Amino acid sequence: MLRAVLFDLDGTLADTERQNAEAVARVLARAARPLRDEESAFVIGHGWHEIYRHLVGNGGIELGYEELMHKAGEERVRIVEEEGLDILPGAVDTVRRLSARYASCVVSGSSRAEVEVVLRALGVDACFPWFLGAEDTARGKPFPDGYLLASTRLEVEPAACLVIEDSTAGIRAARAAGMRVVGVRAGNFARQPQEEADLVVDTLLDVTDNLLASLFV
């Protein structure tokens, strides 16, 4: 039986994955350390711990972990202010509908400050009594730590949780946590593989009661 719905944020509720990569690129550019195309692609779907380790392993970085996350978070707020927030189809209605029926939270690899800004801009911050960001676990996606912590806090077994994701790393994190997962194509602009999801849909508008019933019989 379905008892909890866990939402990814970037690329699932809002089309912000490009903005995330751009924020990192701007911060590194000021430190005379360009962000390579491969590194920009890695930012998509991964948590801050994994992003930082990847940058260190790909030639190093002078900024510390906390410093990079903080500065990139500030830059991301500026980008959202400059460009606005591209809300993905059905995001707001789906969050409101499902959070009214099931225990719900957001599990994101972004910093808590970044998550808070986006949820407020979406107008769904009141739907979540709490959320999880990069600071809440020692490992981010594709590791299952965030989803398992959410399951524990909600007091819901992983098998009774549905995860809604867009990235390969996020889908793998959900599967590793023992949860069912729906992949959403709408925000997957990089066309990352989603075949490891239990089901893949075009938009959140496709996450219907019938679809949920097909996953939890």
# chains A, B, ... in the order shown; residues from 1 in each chain; ligands from 1
$ residues_around --residues "region 112-119 of chain A" --least-positions-apart "3" --cutoff "6 Å" --atoms "only C-alpha atoms" --output "short mmCIF file (atom, residue, chain, number, x, y, z; two decimals) with N, CA and C atoms, in the first residue's frame"
data_model
loop_
_atom_site.label_atom_id
_atom_site.label_comp_id
_atom_site.auth_asym_id
_atom_site.auth_seq_id
_atom_site.Cartn_x
_atom_site.Cartn_y
_atom_site.Cartn_z
N GLY A 73 24.97 28.47 -4.14
CA GLY A 73 23.59 28.69 -3.72
C GLY A 73 23.19 30.15 -3.89
N LEU A 122 7.79 28.15 -6.02
CA LEU A 122 6.74 27.28 -6.56
C LEU A 122 5.41 27.48 -5.85
N VAL A 124 4.69 25.93 -2.97
CA VAL A 124 4.30 24.65 -2.36
C VAL A 124 5.04 24.39 -1.05
N ASP A 125 5.72 25.40 -0.51
CA ASP A 125 6.47 25.20 0.72
C ASP A 125 5.57 24.76 1.87
N GLY A 133 17.95 18.30 2.40
CA GLY A 133 18.90 18.85 1.44
C GLY A 133 20.27 18.22 1.61
#
$ residues_around --residues "Gly183 (chain A)" --least-positions-apart "2" --cutoff "8 Å" --atoms "only C-alpha atoms" --output "PDB file with N, CA and C atoms, in the first residue's frame"
ATOM      1  N   ILE A 164       9.469  10.255  -6.988  1.00  0.00           N
ATOM      2  CA  ILE A 164       9.283  10.858  -8.296  1.00  0.00           C
ATOM      3  C   ILE A 164      10.565  11.609  -8.635  1.00  0.00           C
ATOM      4  N   GLU A 165      11.213  11.206  -9.727  1.00  0.00           N
ATOM      5  CA  GLU A 165      12.565  11.651 -10.064  1.00  0.00           C
ATOM      6  C   GLU A 165      12.699  11.956 -11.548  1.00  0.00           C
ATOM      7  N   ASP A 166      13.824  12.571 -11.901  1.00  0.00           N
ATOM      8  CA  ASP A 166      14.125  12.796 -13.318  1.00  0.00           C
ATOM      9  C   ASP A 166      15.474  12.248 -13.737  1.00  0.00           C
ATOM     10  N   SER A 167      16.460  12.237 -12.838  1.00  0.00           N
ATOM     11  CA  SER A 167      17.830  11.906 -13.221  1.00  0.00           C
ATOM     12  C   SER A 167      18.157  10.438 -12.983  1.00  0.00           C
ATOM     13  N   ILE A 171      17.080   8.203  -9.688  1.00  0.00           N
ATOM     14  CA  ILE A 171      16.362   6.942  -9.850  1.00  0.00           C
ATOM     15  C   ILE A 171      17.125   5.805  -9.183  1.00  0.00           C
ATOM     16  N   VAL A 181       9.793   3.867  -8.076  1.00  0.00           N
ATOM     17  CA  VAL A 181      10.150   5.185  -8.587  1.00  0.00           C
ATOM     18  C   VAL A 181       9.544   5.406  -9.964  1.00  0.00           C
ATOM     19  N   ARG A 185       9.974  12.637 -17.768  1.00  0.00           N
ATOM     20  CA  ARG A 185      10.786  13.090 -18.894  1.00  0.00           C
ATOM     21  C   ARG A 185      10.854  14.620 -19.010  1.00  0.00           C
ATOM     22  N   GLN A 194      16.531   6.705 -18.076  1.00  0.00           N
ATOM     23  CA  GLN A 194      15.534   6.562 -17.011  1.00  0.00           C
ATOM     24  C   GLN A 194      14.941   5.161 -16.949  1.00  0.00           C
ATOM     25  N   ALA A 197      13.755   3.143 -13.778  1.00  0.00           N
ATOM     26  CA  ALA A 197      12.530   3.475 -13.041  1.00  0.00           C
ATOM     27  C   ALA A 197      11.476   2.398 -13.271  1.00  0.00           C
ATOM     28  N   ASP A 198      10.544   2.274 -12.336  1.00  0.00           N
ATOM     29  CA  ASP A 198       9.452   1.315 -12.506  1.00  0.00           C
ATOM     30  C   ASP A 198       8.543   1.715 -13.660  1.00  0.00           C
ATOM     31  N   LEU A 199       8.314   3.022 -13.798  1.00  0.00           N
ATOM     32  CA  LEU A 199       7.534   3.573 -14.894  1.00  0.00           C
ATOM     33  C   LEU A 199       8.141   4.914 -15.284  1.00  0.00           C
ATOM     34  N   VAL A 200       8.010   5.273 -16.547  1.00  0.00           N
ATOM     35  CA  VAL A 200       8.449   6.585 -17.013  1.00  0.00           C
ATOM     36  C   VAL A 200       7.260   7.281 -17.660  1.00  0.00           C
ATOM     37  N   VAL A 201       7.052   8.543 -17.275  1.00  0.00           N
ATOM     38  CA  VAL A 201       5.926   9.321 -17.808  1.00  0.00           C
ATOM     39  C   VAL A 201       6.461  10.595 -18.445  1.00  0.00           C
TER      40      VAL A 201
END
$ closest_residue --among "A:Leu215, A:Ala160, A:Ala91, A:Leu85" --to "Val182 (chain A)" --atoms "only C-alpha atoms"
A:Leu215
$ residues_around --residues "Leu205 (chain A)" --least-positions-apart "2" --cutoff "8 Å" --atoms "only C-alpha atoms" --output "list in words"
Pro89, Gly90, Ala91, Thr94, Thr203, Val207 and Thr208 of chain A
$ residues_around --residues "Ala72 (chain A)" --least-positions-apart "2" --cutoff "8 Å" --atoms "only C-alpha atoms" --output "compact mmCIF listing (two decimals) with N, CA and C atoms, in the first residue's frame"
# COMPACT_ATOMS: atom_id res chain seq x y z
N ASN A 20 21.45 25.18 -12.03
CA ASN A 20 22.40 24.63 -11.06
C ASN A 20 23.81 24.60 -11.65
N ALA A 23 25.24 28.07 -12.09
CA ALA A 23 25.68 28.67 -10.82
C ALA A 23 27.08 28.18 -10.46
N VAL A 24 27.32 26.89 -10.59
CA VAL A 24 28.64 26.34 -10.30
C VAL A 24 29.68 26.93 -11.26
N ARG A 26 29.67 29.81 -12.79
CA ARG A 26 29.96 31.21 -12.48
C ARG A 26 30.91 31.33 -11.29
N VAL A 27 30.66 30.51 -10.26
CA VAL A 27 31.52 30.56 -9.08
C VAL A 27 32.94 30.13 -9.43
N LEU A 68 32.05 26.41 -1.65
CA LEU A 68 31.49 26.23 -2.99
C LEU A 68 29.97 26.12 -2.93
N MET A 69 29.46 25.30 -2.01
CA MET A 69 28.02 25.11 -1.91
C MET A 69 27.32 26.43 -1.58
N HIS A 70 27.89 27.18 -0.64
CA HIS A 70 27.28 28.45 -0.23
C HIS A 70 27.29 29.47 -1.37
N GLU A 74 24.08 31.07 -3.50
CA GLU A 74 23.80 32.50 -3.67
C GLU A 74 23.68 32.85 -5.15
N GLU A 75 24.55 32.25 -5.96
CA GLU A 75 24.52 32.52 -7.39
C GLU A 75 23.25 31.99 -8.02
N ARG A 76 22.81 30.86 -7.53
CA ARG A 76 21.58 30.27 -8.07
C ARG A 76 20.37 31.16 -7.77
$ closest_atom_pairs --of "region 134-204 of chain A" --to "region 4-17 of chain A" --cutoff "8 Å" --atoms "only C-alpha atoms" --output "CSV"
residue,atom,partner,partner_atom,distance
A:Tyr147,CA,A:Leu6,CA,7.7
A:Ala150,CA,A:Leu6,CA,7.9
A:Leu154,CA,A:Ala4,CA,7.9
A:Val156,CA,A:Ala4,CA,6.9
A:Ala160,CA,A:Ala4,CA,6.5
A:Cys161,CA,A:Ala4,CA,4.7
A:Leu162,CA,A:Val5,CA,4.8
A:Val163,CA,A:Leu6,CA,4.7
A:Ile164,CA,A:Phe7,CA,5.1
A:Glu165,CA,A:Asp8,CA,5.3
A:Asp166,CA,A:Thr12,CA,5.5
A:Ser167,CA,A:Gly11,CA,7.6
A:Gly170,CA,A:Asp8,CA,7.6
A:Val184,CA,A:Thr12,CA,6.7
A:Ala186,CA,A:Thr12,CA,7.6
A:Gly187,CA,A:Gly11,CA,4.4
A:Asn188,CA,A:Gly11,CA,6.2
$ write_last_selection --atoms "C-alpha atoms" --output "PDB file, in the first residue's frame"
ATOM      1  CA  TYR A 147      15.506   8.575   0.715  1.00  0.00           C
ATOM      2  CA  ALA A 150      13.046  10.405   4.724  1.00  0.00           C
ATOM      3  CA  LEU A 154       8.110   9.658   8.089  1.00  0.00           C
ATOM      4  CA  VAL A 156       7.008   4.617   6.551  1.00  0.00           C
ATOM      5  CA  ALA A 160       5.399   1.805   0.861  1.00  0.00           C
ATOM      6  CA  CYS A 161       7.156   4.868  -0.574  1.00  0.00           C
ATOM      7  CA  LEU A 162       6.937   6.245  -4.108  1.00  0.00           C
ATOM      8  CA  VAL A 163       9.758   8.437  -5.406  1.00  0.00           C
ATOM      9  CA  ILE A 164       9.283  10.858  -8.296  1.00  0.00           C
ATOM     10  CA  GLU A 165      12.565  11.651 -10.064  1.00  0.00           C
ATOM     11  CA  ASP A 166      14.125  12.796 -13.318  1.00  0.00           C
ATOM     12  CA  SER A 167      17.830  11.906 -13.221  1.00  0.00           C
ATOM     13  CA  GLY A 170      18.081   9.994  -8.416  1.00  0.00           C
ATOM     14  CA  VAL A 184       9.540  12.043 -15.452  1.00  0.00           C
ATOM     15  CA  ALA A 186       9.685  16.754 -18.859  1.00  0.00           C
ATOM     16  CA  GLY A 187      12.711  18.169 -16.998  1.00  0.00           C
ATOM     17  CA  ASN A 188      15.235  15.618 -18.250  1.00  0.00           C
TER      18      ASN A 188
END
$ atom_distance --atom1 "CA of Asp209 (chain A)" --atom2 "CA of Ala126 (chain A)"
22.6 Å
$ select_by_dssp --residues "region 37-165 of chain A" --states "strand (DSSP E or B)" --output "list of chain:residue names"
A:Ile87, A:Ala103, A:Ser104, A:Cys105, A:Val106, A:Val107, A:Leu132, A:Cys161, A:Leu162, A:Val163, A:Ile164, A:Glu165
$ residues_around --residues "Glu155 (chain A)" --least-positions-apart "3" --cutoff "10 Å" --atoms "only C-alpha atoms" --output "MDAnalysis selection string"
chainID A and resid 3:4 103 149:152 158
$ write_last_selection --atoms "N, CA, C and O atoms" --output "compact mmCIF listing (two decimals), in the first residue's frame"
# COMPACT_ATOMS: atom_id res chain seq x y z
N ARG A 3 2.00 4.75 1.03
CA ARG A 3 1.79 5.58 2.21
C ARG A 3 2.55 6.90 2.17
O ARG A 3 2.24 7.82 2.92
N ALA A 4 3.57 7.00 1.31
CA ALA A 4 4.36 8.23 1.26
C ALA A 4 4.85 8.50 -0.15
O ALA A 4 5.17 7.57 -0.90
N ALA A 103 1.78 11.04 3.26
CA ALA A 103 2.95 11.68 3.86
C ALA A 103 3.91 12.04 2.73
O ALA A 103 4.12 11.25 1.82
N LEU A 149 16.59 8.19 4.90
CA LEU A 149 16.36 9.08 6.03
C LEU A 149 14.93 9.61 6.01
O LEU A 149 14.28 9.69 7.06
N ALA A 150 14.43 9.94 4.83
CA ALA A 150 13.05 10.41 4.72
C ALA A 150 12.08 9.32 5.18
O ALA A 150 11.11 9.59 5.90
N SER A 151 12.34 8.09 4.77
CA SER A 151 11.50 6.97 5.17
C SER A 151 11.48 6.82 6.69
O SER A 151 10.42 6.61 7.29
N THR A 152 12.64 6.94 7.30
CA THR A 152 12.75 6.82 8.76
C THR A 152 11.98 7.93 9.46
O THR A 152 11.22 7.69 10.41
N PRO A 158 10.25 1.63 3.36
CA PRO A 158 10.62 1.97 1.99
C PRO A 158 9.70 1.38 0.94
O PRO A 158 9.40 2.03 -0.08
